[in-house]
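Report on the structure given below.
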Amino acid sequence: MTDDPDLDRHAAKMAKKKAARDKIMATKTDEKGLIIVHTGKGKGKSSAAFGMIFRCIAHGFPCAVVQFIKGGMATGERDLIQARFADLCQFHTMGEGFTWETQDKSRDIAMAQVAWAKAQELIRDAGNRMVLLDEINIALRYDYLDVAEVVAFLAAEKPPTTHVVLTGRNAKPELIEAADLVTEMELVKHPFRAGIKAQAGVEY
């Protein structure tokens with residue numbers, strides 16, 4: 001107790017909140033590999049996913065990245081991982097750019113299928129704690145991959161402790177239903193609309 005009633009009320013309120021929180025946390029004892037979806041029109045889907053990849057690296061957990069759309073353009077996360085953490089994180093850039101750049105649907109489909117084959121290989125490897133499928137939702141949106149096949153594979157073949165993160169706009173309902181954790185990034189304001197280009201350290 002103090003001589004300040006406001007401080008005493010605050011302390012009592014926080015003590016009550018902590019007790020309630022501790023009670024809830026005591027019931028959360030399970031661990032499992034999660035299916036995590038980052039979608040929506042807002043910026044930050046891949047950025048948040050790479051944040052988790054870097055957490056895995058920091059904990060010494062083997063992990064892997066497959067990029068479905070992004071092509072040969074240098075990105076900070078790929079350069080850093082390949083230069084410093086290649087022993088812990090496999091990095092596979094399998095795309096050739098966004099669909100409006102390639103303008104070749106057959107080639108886009110073929111590249112998506114190759115990327116999906118690599119993704120399956122990495123997910124089947126129980127040694128990988130996390131596998132990031134960056135921009136796979138774009139490939140699913142354009143039906144370059146069969147969402148039913150992807151969902152069925154994750155249900156049947158993902159090891160119990162492996163996390164799989166799938167990013168990109170317009171996640172299909174079937175994938176959202178199958179996921180354990182779904183975050184939709186909402187666009188409120190973006191500098192691109194004001195004529196500002198993508199910038200190193202922010203977008204790549």
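Naming works like this for the structure tokens: A, B, ... for the chains as they're shown, residue 1 at the start of each chain, ligands 1 onward in shown order.
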
Please report, as a Markdown table, each residue of range 34-143 of chain A lying at most 12 Å from range 175-185 of chain A, together with the nearest pair of atoms and the separation in Å rounded to one decimal; use only C-alpha atoms, and order rows by chain and ascending residue number.
| residue | atom | partner | partner_atom | distance |
| --- | --- | --- | --- | --- |
| A:Leu34 | CA | A:Asp180 | CA | 5.8 |
| A:Ile35 | CA | A:Ala179 | CA | 4.8 |
| A:Ile36 | CA | A:Leu181 | CA | 4.8 |
| A:Val37 | CA | A:Val182 | CA | 4.7 |
| A:His38 | CA | A:Thr183 | CA | 5.0 |
| A:Thr39 | CA | A:Glu184 | CA | 4.8 |
| A:Gly40 | CA | A:Glu184 | CA | 4.6 |
| A:Lys41 | CA | A:Met185 | CA | 6.1 |
| A:Gly42 | CA | A:Met185 | CA | 4.6 |
| A:Lys43 | CA | A:Met185 | CA | 6.6 |
| A:Gly44 | CA | A:Met185 | CA | 6.9 |
| A:Lys45 | CA | A:Met185 | CA | 6.8 |
| A:Ser46 | CA | A:Met185 | CA | 10.6 |
| A:Ser47 | CA | A:Met185 | CA | 11.2 |
| A:Ala48 | CA | A:Thr183 | CA | 10.0 |
| A:Ala49 | CA | A:Thr183 | CA | 10.8 |
| A:Ile136 | CA | A:Leu175 | CA | 11.0 |
| A:Asn137 | CA | A:Leu175 | CA | 9.1 |
| A:Leu140 | CA | A:Leu175 | CA | 9.7 |
| A:Arg141 | CA | A:Leu175 | CA | 11.1 |

Let me see the file: selected residues, N, CA and C atoms, as a short mmCIF file (atom, residue, chain, number, x, y, z; two decimals), in the first residue's frame.
data_model
loop_
_atom_site.label_atom_id
_atom_site.label_comp_id
_atom_site.auth_asym_id
_atom_site.auth_seq_id
_atom_site.Cartn_x
_atom_site.Cartn_y
_atom_site.Cartn_z
N LEU A 34 2.53 -25.24 -36.42
CA LEU A 34 1.39 -24.45 -36.86
C LEU A 34 1.40 -24.21 -38.37
N ILE A 35 0.21 -24.09 -38.93
CA ILE A 35 0.02 -23.56 -40.27
C ILE A 35 -0.37 -22.10 -40.10
N ILE A 36 0.47 -21.21 -40.61
CA ILE A 36 0.33 -19.77 -40.36
C ILE A 36 0.14 -19.07 -41.70
N VAL A 37 -0.88 -18.26 -41.81
CA VAL A 37 -1.19 -17.54 -43.06
C VAL A 37 -1.12 -16.04 -42.80
N HIS A 38 -0.34 -15.34 -43.62
CA HIS A 38 -0.30 -13.88 -43.62
C HIS A 38 -0.89 -13.41 -44.95
N THR A 39 -1.98 -12.69 -44.90
CA THR A 39 -2.64 -12.26 -46.12
C THR A 39 -3.15 -10.83 -45.96
N GLY A 40 -3.88 -10.35 -46.94
CA GLY A 40 -4.43 -8.99 -46.89
C GLY A 40 -3.70 -8.03 -47.82
N LYS A 41 -4.29 -6.86 -48.02
CA LYS A 41 -3.76 -5.87 -48.95
C LYS A 41 -2.66 -5.00 -48.34
N GLY A 42 -2.51 -5.05 -47.03
CA GLY A 42 -1.53 -4.20 -46.37
C GLY A 42 -0.12 -4.74 -46.48
N LYS A 43 0.85 -3.84 -46.29
CA LYS A 43 2.25 -4.21 -46.30
C LYS A 43 2.61 -4.97 -45.02
N GLY A 44 3.58 -5.88 -45.11
CA GLY A 44 4.10 -6.52 -43.91
C GLY A 44 3.94 -8.01 -43.84
N LYS A 45 3.34 -8.63 -44.85
CA LYS A 45 3.10 -10.06 -44.80
C LYS A 45 4.41 -10.86 -44.81
N SER A 46 5.23 -10.60 -45.81
CA SER A 46 6.53 -11.27 -45.87
C SER A 46 7.45 -10.78 -44.76
N SER A 47 7.39 -9.48 -44.46
CA SER A 47 8.26 -8.93 -43.42
C SER A 47 8.02 -9.63 -42.09
N ALA A 48 6.75 -9.82 -41.74
CA ALA A 48 6.43 -10.52 -40.48
C ALA A 48 6.89 -11.97 -40.53
N ALA A 49 6.73 -12.60 -41.69
CA ALA A 49 7.15 -14.00 -41.82
C ALA A 49 8.67 -14.13 -41.67
N ILE A 136 3.16 -17.72 -51.83
CA ILE A 136 2.46 -18.87 -52.41
C ILE A 136 1.00 -18.54 -52.66
N ASN A 137 0.43 -17.62 -51.87
CA ASN A 137 -0.98 -17.29 -52.08
C ASN A 137 -1.24 -16.68 -53.45
N LEU A 140 -1.53 -19.61 -55.73
CA LEU A 140 -2.82 -20.26 -55.50
C LEU A 140 -3.97 -19.43 -56.08
N ARG A 141 -3.86 -18.12 -55.94
CA ARG A 141 -4.92 -17.24 -56.44
C ARG A 141 -5.12 -17.42 -57.94
#

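Secondary structure of range 25-82 of chain A, alpha helix (DSSP H) only (DSSP, backbone atoms): Met25, Ala26, Lys45, Ser46, Ser47, Ala48, Ala49, Phe50, Gly51, Met52, Ile53, Phe54, Arg55, Cys56, Ile57, Ala58, Gly76, Glu77, Arg78, Asp79, Leu80, Ile81 and Gln82 of chain A.
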
Exercise for review: Considering only C-alpha atoms, return as a PyMOL selection string whatever protein or nucleic-acid residues lie within 12 Å of Lys158 in chain A, sequence-local ones (same chain, fewer than 2 positions apart) excluded.
Suggested key: chain A and resi 32-35+119-131+150-156+160-165

Output C-alpha atoms for every residue in the selection just made, as an mmCIF file, in the first residue's frame.
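Wrote result-v1.cif, looks like this:
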data_model
loop_
_atom_site.group_PDB
_atom_site.id
_atom_site.type_symbol
_atom_site.label_atom_id
_atom_site.label_comp_id
_atom_site.auth_asym_id
_atom_site.auth_seq_id
_atom_site.Cartn_x
_atom_site.Cartn_y
_atom_site.Cartn_z
ATOM 1 C CA LYS A 32 2.376 -28.232 -32.235
ATOM 2 C CA GLY A 33 3.652 -27.198 -35.606
ATOM 3 C CA LEU A 34 1.391 -24.453 -36.863
ATOM 4 C CA ILE A 35 0.022 -23.563 -40.275
ATOM 5 C CA ALA A 119 8.482 -26.817 -50.655
ATOM 6 C CA GLN A 120 7.144 -30.337 -50.140
ATOM 7 C CA GLU A 121 10.677 -31.683 -49.879
ATOM 8 C CA LEU A 122 11.604 -29.112 -47.230
ATOM 9 C CA ILE A 123 8.393 -29.559 -45.238
ATOM 10 C CA ARG A 124 8.775 -33.349 -45.184
ATOM 11 C CA ASP A 125 12.190 -32.903 -43.579
ATOM 12 C CA ALA A 126 11.334 -32.984 -39.866
ATOM 13 C CA GLY A 127 14.668 -31.321 -39.138
ATOM 14 C CA ASN A 128 13.267 -28.010 -40.373
ATOM 15 C CA ARG A 129 11.514 -26.181 -37.564
ATOM 16 C CA MET A 130 9.889 -23.668 -39.934
ATOM 17 C CA VAL A 131 9.330 -23.448 -43.682
ATOM 18 C CA VAL A 150 -1.682 -27.945 -50.828
ATOM 19 C CA VAL A 151 -4.143 -28.253 -47.939
ATOM 20 C CA ALA A 152 -4.230 -32.054 -48.203
ATOM 21 C CA PHE A 153 -0.426 -32.235 -48.194
ATOM 22 C CA LEU A 154 -0.139 -30.036 -45.109
ATOM 23 C CA ALA A 155 -2.746 -32.138 -43.298
ATOM 24 C CA ALA A 156 -1.185 -35.472 -44.207
ATOM 25 C CA PRO A 160 3.920 -32.558 -36.071
ATOM 26 C CA THR A 161 6.411 -29.941 -34.858
ATOM 27 C CA THR A 162 7.094 -28.116 -38.139
ATOM 28 C CA HIS A 163 5.641 -24.648 -38.642
ATOM 29 C CA VAL A 164 4.662 -23.666 -42.197
ATOM 30 C CA VAL A 165 4.105 -19.996 -43.028
#

Practice item. Enumerate as JSON, numbers by chain all residues of range 5-186 of chain A assigned to strand (DSSP E or B) by DSSP on the backbone, naming them with the chain letters and numbers the document uses. Key: {"A": [35, 36, 37, 38, 39, 63, 64, 65, 66, 67, 89, 90, 91, 92, 93, 130, 131, 132, 133, 134, 163, 164, 165, 166, 167, 181, 182, 183, 184]}

Could those selected residues go to a file with N, CA and C atoms, as a PDB file, in the first residue's frame?
ATOM      1  N   ILE A  35       0.208 -24.093 -38.926  1.00  0.00           N
ATOM      2  CA  ILE A  35       0.022 -23.563 -40.275  1.00  0.00           C
ATOM      3  C   ILE A  35      -0.369 -22.099 -40.099  1.00  0.00           C
ATOM      4  N   ILE A  36       0.467 -21.211 -40.606  1.00  0.00           N
ATOM      5  CA  ILE A  36       0.333 -19.775 -40.364  1.00  0.00           C
ATOM      6  C   ILE A  36       0.142 -19.070 -41.702  1.00  0.00           C
ATOM      7  N   VAL A  37      -0.881 -18.259 -41.810  1.00  0.00           N
ATOM      8  CA  VAL A  37      -1.186 -17.542 -43.055  1.00  0.00           C
ATOM      9  C   VAL A  37      -1.117 -16.039 -42.801  1.00  0.00           C
ATOM     10  N   HIS A  38      -0.337 -15.344 -43.622  1.00  0.00           N
ATOM     11  CA  HIS A  38      -0.302 -13.875 -43.624  1.00  0.00           C
ATOM     12  C   HIS A  38      -0.891 -13.409 -44.952  1.00  0.00           C
ATOM     13  N   THR A  39      -1.981 -12.685 -44.896  1.00  0.00           N
ATOM     14  CA  THR A  39      -2.643 -12.263 -46.121  1.00  0.00           C
ATOM     15  C   THR A  39      -3.148 -10.831 -45.959  1.00  0.00           C
ATOM     16  N   CYS A  63      15.737 -23.999 -40.612  1.00  0.00           N
ATOM     17  CA  CYS A  63      14.517 -23.522 -41.253  1.00  0.00           C
ATOM     18  C   CYS A  63      14.783 -23.357 -42.745  1.00  0.00           C
ATOM     19  N   ALA A  64      13.755 -22.964 -43.487  1.00  0.00           N
ATOM     20  CA  ALA A  64      13.910 -22.862 -44.937  1.00  0.00           C
ATOM     21  C   ALA A  64      12.904 -21.865 -45.496  1.00  0.00           C
ATOM     22  N   VAL A  65      13.268 -21.290 -46.642  1.00  0.00           N
ATOM     23  CA  VAL A  65      12.414 -20.324 -47.343  1.00  0.00           C
ATOM     24  C   VAL A  65      12.302 -20.758 -48.799  1.00  0.00           C
ATOM     25  N   VAL A  66      11.081 -20.749 -49.314  1.00  0.00           N
ATOM     26  CA  VAL A  66      10.839 -20.905 -50.749  1.00  0.00           C
ATOM     27  C   VAL A  66      10.062 -19.676 -51.204  1.00  0.00           C
ATOM     28  N   GLN A  67      10.624 -18.929 -52.160  1.00  0.00           N
ATOM     29  CA  GLN A  67       9.942 -17.762 -52.707  1.00  0.00           C
ATOM     30  C   GLN A  67       9.304 -18.140 -54.036  1.00  0.00           C
ATOM     31  N   CYS A  89      19.555 -21.856 -42.468  1.00  0.00           N
ATOM     32  CA  CYS A  89      18.365 -21.556 -43.266  1.00  0.00           C
ATOM     33  C   CYS A  89      18.633 -21.751 -44.753  1.00  0.00           C
ATOM     34  N   GLN A  90      17.958 -22.721 -45.343  1.00  0.00           N
ATOM     35  CA  GLN A  90      18.020 -22.896 -46.798  1.00  0.00           C
ATOM     36  C   GLN A  90      17.129 -21.834 -47.448  1.00  0.00           C
ATOM     37  N   PHE A  91      17.614 -21.256 -48.538  1.00  0.00           N
ATOM     38  CA  PHE A  91      16.869 -20.175 -49.190  1.00  0.00           C
ATOM     39  C   PHE A  91      16.768 -20.488 -50.676  1.00  0.00           C
ATOM     40  N   HIS A  92      15.535 -20.625 -51.159  1.00  0.00           N
ATOM     41  CA  HIS A  92      15.301 -20.983 -52.564  1.00  0.00           C
ATOM     42  C   HIS A  92      14.374 -19.956 -53.206  1.00  0.00           C
ATOM     43  N   THR A  93      14.922 -19.144 -54.093  1.00  0.00           N
ATOM     44  CA  THR A  93      14.112 -18.200 -54.863  1.00  0.00           C
ATOM     45  C   THR A  93      13.744 -18.883 -56.174  1.00  0.00           C
ATOM     46  N   MET A 130      10.841 -24.545 -39.249  1.00  0.00           N
ATOM     47  CA  MET A 130       9.889 -23.668 -39.934  1.00  0.00           C
ATOM     48  C   MET A 130      10.223 -23.624 -41.411  1.00  0.00           C
ATOM     49  N   VAL A 131       9.169 -23.615 -42.240  1.00  0.00           N
ATOM     50  CA  VAL A 131       9.330 -23.448 -43.682  1.00  0.00           C
ATOM     51  C   VAL A 131       8.412 -22.313 -44.112  1.00  0.00           C
ATOM     52  N   LEU A 132       9.004 -21.301 -44.717  1.00  0.00           N
ATOM     53  CA  LEU A 132       8.257 -20.140 -45.210  1.00  0.00           C
ATOM     54  C   LEU A 132       8.012 -20.300 -46.702  1.00  0.00           C
ATOM     55  N   LEU A 133       6.755 -20.261 -47.091  1.00  0.00           N
ATOM     56  CA  LEU A 133       6.360 -20.307 -48.501  1.00  0.00           C
ATOM     57  C   LEU A 133       5.914 -18.894 -48.881  1.00  0.00           C
ATOM     58  N   ASP A 134       6.883 -18.104 -49.302  1.00  0.00           N
ATOM     59  CA  ASP A 134       6.663 -16.681 -49.522  1.00  0.00           C
ATOM     60  C   ASP A 134       5.929 -16.446 -50.829  1.00  0.00           C
ATOM     61  N   HIS A 163       6.508 -25.777 -38.318  1.00  0.00           N
ATOM     62  CA  HIS A 163       5.641 -24.648 -38.642  1.00  0.00           C
ATOM     63  C   HIS A 163       5.773 -24.335 -40.128  1.00  0.00           C
ATOM     64  N   VAL A 164       4.659 -24.067 -40.789  1.00  0.00           N
ATOM     65  CA  VAL A 164       4.662 -23.666 -42.197  1.00  0.00           C
ATOM     66  C   VAL A 164       3.947 -22.321 -42.305  1.00  0.00           C
ATOM     67  N   VAL A 165       4.642 -21.345 -42.888  1.00  0.00           N
ATOM     68  CA  VAL A 165       4.105 -19.996 -43.028  1.00  0.00           C
ATOM     69  C   VAL A 165       3.835 -19.738 -44.506  1.00  0.00           C
ATOM     70  N   LEU A 166       2.636 -19.294 -44.826  1.00  0.00           N
ATOM     71  CA  LEU A 166       2.236 -19.045 -46.211  1.00  0.00           C
ATOM     72  C   LEU A 166       1.815 -17.593 -46.332  1.00  0.00           C
ATOM     73  N   THR A 167       2.459 -16.848 -47.245  1.00  0.00           N
ATOM     74  CA  THR A 167       2.171 -15.427 -47.354  1.00  0.00           C
ATOM     75  C   THR A 167       1.579 -15.080 -48.722  1.00  0.00           C
ATOM     76  N   LEU A 181      -3.298 -20.186 -37.507  1.00  0.00           N
ATOM     77  CA  LEU A 181      -3.108 -18.761 -37.220  1.00  0.00           C
ATOM     78  C   LEU A 181      -3.209 -17.998 -38.535  1.00  0.00           C
ATOM     79  N   VAL A 182      -4.111 -17.038 -38.587  1.00  0.00           N
ATOM     80  CA  VAL A 182      -4.302 -16.232 -39.793  1.00  0.00           C
ATOM     81  C   VAL A 182      -4.267 -14.765 -39.403  1.00  0.00           C
ATOM     82  N   THR A 183      -3.428 -14.003 -40.092  1.00  0.00           N
ATOM     83  CA  THR A 183      -3.373 -12.554 -39.886  1.00  0.00           C
ATOM     84  C   THR A 183      -3.635 -11.862 -41.216  1.00  0.00           C
ATOM     85  N   GLU A 184      -4.569 -10.921 -41.202  1.00  0.00           N
ATOM     86  CA  GLU A 184      -4.851 -10.135 -42.404  1.00  0.00           C
ATOM     87  C   GLU A 184      -4.293  -8.736 -42.208  1.00  0.00           C
TER      88      GLU A 184
END

Study note, to complete from the structure: Using only C-alpha atoms, the best pick from A:Glu203, A:Trp116, A:Pro173, A:Ala15 as closest to Leu145 in chain A would be A:Trp116

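With only C-alpha atoms as the basis for measurement, A:Leu88 is the residue among A:Leu88, A:Asp3, A:Ala200, A:Gly76 that approaches His59 in chain A most closely.
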
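Coordinates place CA of Leu7 in chain A at a distance of 24.2 Å from CA of Lys23 in chain A.
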
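Each of A:Gln82, A:Gln113, A:Asn170, A:Thr27 was checked against Glu135 in chain A using only C-alpha atoms; the smallest atom-to-atom distance is that of A:Asn170.
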
Practice item. Figure out the distance between CA of Val147 in chain A and CA of Lys105 in chain A, please, to one decimal in Å. Key: 17.6 Å

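Interatomic distance, CA of Ala86 in chain A to CA of Val114 in chain A: 21.3 Å.
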
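Shortest separation to Tyr142 in chain A among A:Ile196, A:Ile53, A:Ala19, A:Ile69 occurs at residue A:Ile69, atoms counted being only C-alpha atoms.
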